[in-house]
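Visitor: If you scroll down you'll find the structure; I have some questions about it.
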Amino acid sequence: MEFAELIKTPRADNVILHRPFYLAVEGTLCLTGHHLIFSSRRQDNAEELWLLHSNIDSIEKRFVGSLGTIIIKCKDLRIIQLDIPGMEECLNIASSIEALSTLDSVTLMYPFFYRPMFEIIEDGWRSFLPDQEFELLSSVTDEWRLSCINKEFSVCPSYPPVVIVPKSIDDEALRKVAMFRHGSRFPVLSYYHKKNGMVMMRSSQPLTGTNGRRCKEDEKLINATLRPGKRGYIIDTRSLNVAQQARAKGGGFEQEAHYPQWRRIHKCIERFNILQESLIKLVEACNDQSHNMDRWLSKLEASNWLTHIKEILTAACLAAQCIDREGASVLVHGTEGTDSTLQVTSLAQIILDPRCRTIRGFESLVVREWLQAGHPFQQRCAQSAYSNSKQKWEAPVFLLFLDCVWQILRQFPCSFEFNEQFLIMLFEHAYASQFGTFLGNNENERSKLKLLQKTMSLWSWVNRSEELSKFQNPLFEANSLVIWPSVAPQSLQLWEGIFLRWNRPSKFLDEAHEEMISIIKYNKELQAKVNALRRQLAEMETDERMQENL
């Protein structure tokens, strides 16, 4: 298919762009296969807006006489308005945008056409490979091995080709365990706690069914993570009621009789349409311009967004507590093990592991616990908060994870190497990007799409020094301790940087940030002077003592 077939009117003049907190600008609107481009005519202050069609969630059309208005609502939550003279031009542009923003074929998306204008210093596709992670693990323990059982994605379609499993469990046993777990997602290593050798594993639900089916290889696999005389904890991210209902559909949970050394704890984390509705209600509340305090507070509460944040953080803190304070190993799963499970395992690692609070460590975590672990980004991020056509697979699972990270970052502002902008950037690229990193639903799909050969990795761009500087936290001081975030309702706040950034002027926030950076820079200069003077004083005292000895 040629993009030209979808573009009925490629260009319109005398278009007026409206955005909150900016003056209206007149200019030219152009449509390409992947971008909507607006260019102002002002000589004194030329301005350009480039918007990926894949970032467009929905559009609305309005007409007053022959003047048409298109309101574009984006996946990154911004809203822009275009006034286009001429009804036919406006209708043509609107239908073109609708067609170009809802392309069915992944291979027609921008990452397959994007050619970087920067020098590629590092191939981001090769930055965080499983064997590199295993090398780090091997330096502290020899109880685990890399298994290539899923080399052709033949055992589990949503797992990567290589996984880390206990050394005492062979591949034949893994095949049997895969048949006992939903979607063949058998338990694999998620995290090893160097401090005490405890581990966190993740999987999907066991297929016990109503007959109480068991699998001795499964029992042996998860028991291989226990120390002699120690118990383990299974954190099930469903309510007990939901887990029991799953048995009628062939799913279920680990029976106490077959897993006597494991204690099961249910921590209910919502999923799918409940989360999507929550996001829609929250964004609607944030866009409400009525300025009525009671209305705002009731809408915020009705969205339940902060309740979901609290539930996820509570489960993650529980997993971290079992590992660090109880000295117990943990298995985390829900139903499929591709959503709430990953929220819990990745947040627990941020709490426990200082490496995950660095920029590269966090990138590695996203690759390992989200991309390689099979979170279906293509399905979950297909639409955002404004879409009119809701499908059942969409849910802001990754956005909730990033929000939870922001909550911890806000409580521990000096313990993270990255800043809020880093998290916002990841949110934006998960929903619409020129890079191939978040395309597809798992490694199997990415392999079939040949993303490594045909697209650029997000990490190749982010990890260049000129980009990294934008994402570095000036307050960062390496903290090797476990950090315990508060999950009390009073401690959790609305993430304004995501949900209010298009609804308020950023000028004063930007000025405050610049001032903070200049204060930190000045403080470092003064510290350097103090250190130089101390050295000078020490040298003078040494000289004085030598003079006295002569």
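Identifiers in the structure tokens: chain A, B, ... in order shown; residue index from 1 per chain; ligand index from 1 in order shown.
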Run DSSP on the backbone and grab whatever in segment 128-368 of chain A lands in strand (DSSP E); send it over as a PyMOL selection string.
Guide: chain A and resi 144-147+163-166+188-192+199-202+232-236+262-266+329-333
Visitor: Can you pull out every residue within 8 Å of segment 511-527 of chain A, counting only C-alpha atoms, but drop anything in the same chain fewer than 3 positions away, and send it as a ChimeraX atom specification?
Guide: /A:474-475,507-508,530-531
Visitor: Output the selection as a CSV table (one decimal), in the first residue's frame - C-alpha atoms for each residue.
Guide:
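Ended up saving to part-v8.csv:
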```csv
chain,number,residue,atom,x,y,z
A,474,PRO,CA,21.5,16.4,39.7
A,475,LEU,CA,20.7,15.3,43.3
A,507,LYS,CA,7.6,28.2,32.6
A,508,PHE,CA,8.0,28.6,36.3
A,530,VAL,CA,37.1,24.0,50.2
A,531,ASN,CA,39.0,20.7,49.3
```
Visitor: Using only C-alpha atoms, determine which residues lie at most 6 Å from segment 135-149 of chain A, disregarding the query and same-chain residues fewer than 6 positions distant; provide the list as a list of chain:residue names.
Guide: A:Val162, A:Val163, A:Ile164, A:Val165, A:Pro166, A:Lys167
Visitor: Write the residues of the selection above to a file with N, CA and C atoms, as a tab-separated table (two decimals), in the first residue's frame.
Guide:
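Resulting contents of again39.tsv:
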```
chain	number	residue	atom	x	y	z
A	162	VAL	N	16.35	-17.52	25.62
A	162	VAL	CA	17.24	-17.97	26.70
A	162	VAL	C	16.66	-17.52	28.04
A	163	VAL	N	16.60	-18.43	29.01
A	163	VAL	CA	16.09	-18.09	30.35
A	163	VAL	C	17.03	-18.65	31.41
A	164	ILE	N	16.95	-18.08	32.62
A	164	ILE	CA	17.80	-18.55	33.73
A	164	ILE	C	16.95	-19.41	34.66
A	165	VAL	N	17.42	-20.64	34.90
A	165	VAL	CA	16.68	-21.61	35.73
A	165	VAL	C	17.66	-22.29	36.70
A	166	PRO	N	17.13	-22.98	37.74
A	166	PRO	CA	18.03	-23.69	38.66
A	166	PRO	C	18.86	-24.75	37.93
A	167	LYS	N	20.14	-24.85	38.30
A	167	LYS	CA	21.06	-25.78	37.64
A	167	LYS	C	20.60	-27.23	37.82
```
Visitor: Compile the contact shell of Trp50 of chain A as a PyMOL selection string: residues with an atom at most 9 Å away, counting only C-alpha atoms, same-chain residues fewer than 2 positions apart removed.
Guide: chain A and resi 35-39+48+52
Visitor: What lies within 12 Å of Asn287 of chain A using only C-alpha atoms, ignoring chain neighbours under 3 positions off, as a PyMOL selection string?
Guide: chain A and resi 20+73+77-79+280-284+290-291+296+299-300+385-386+499-504
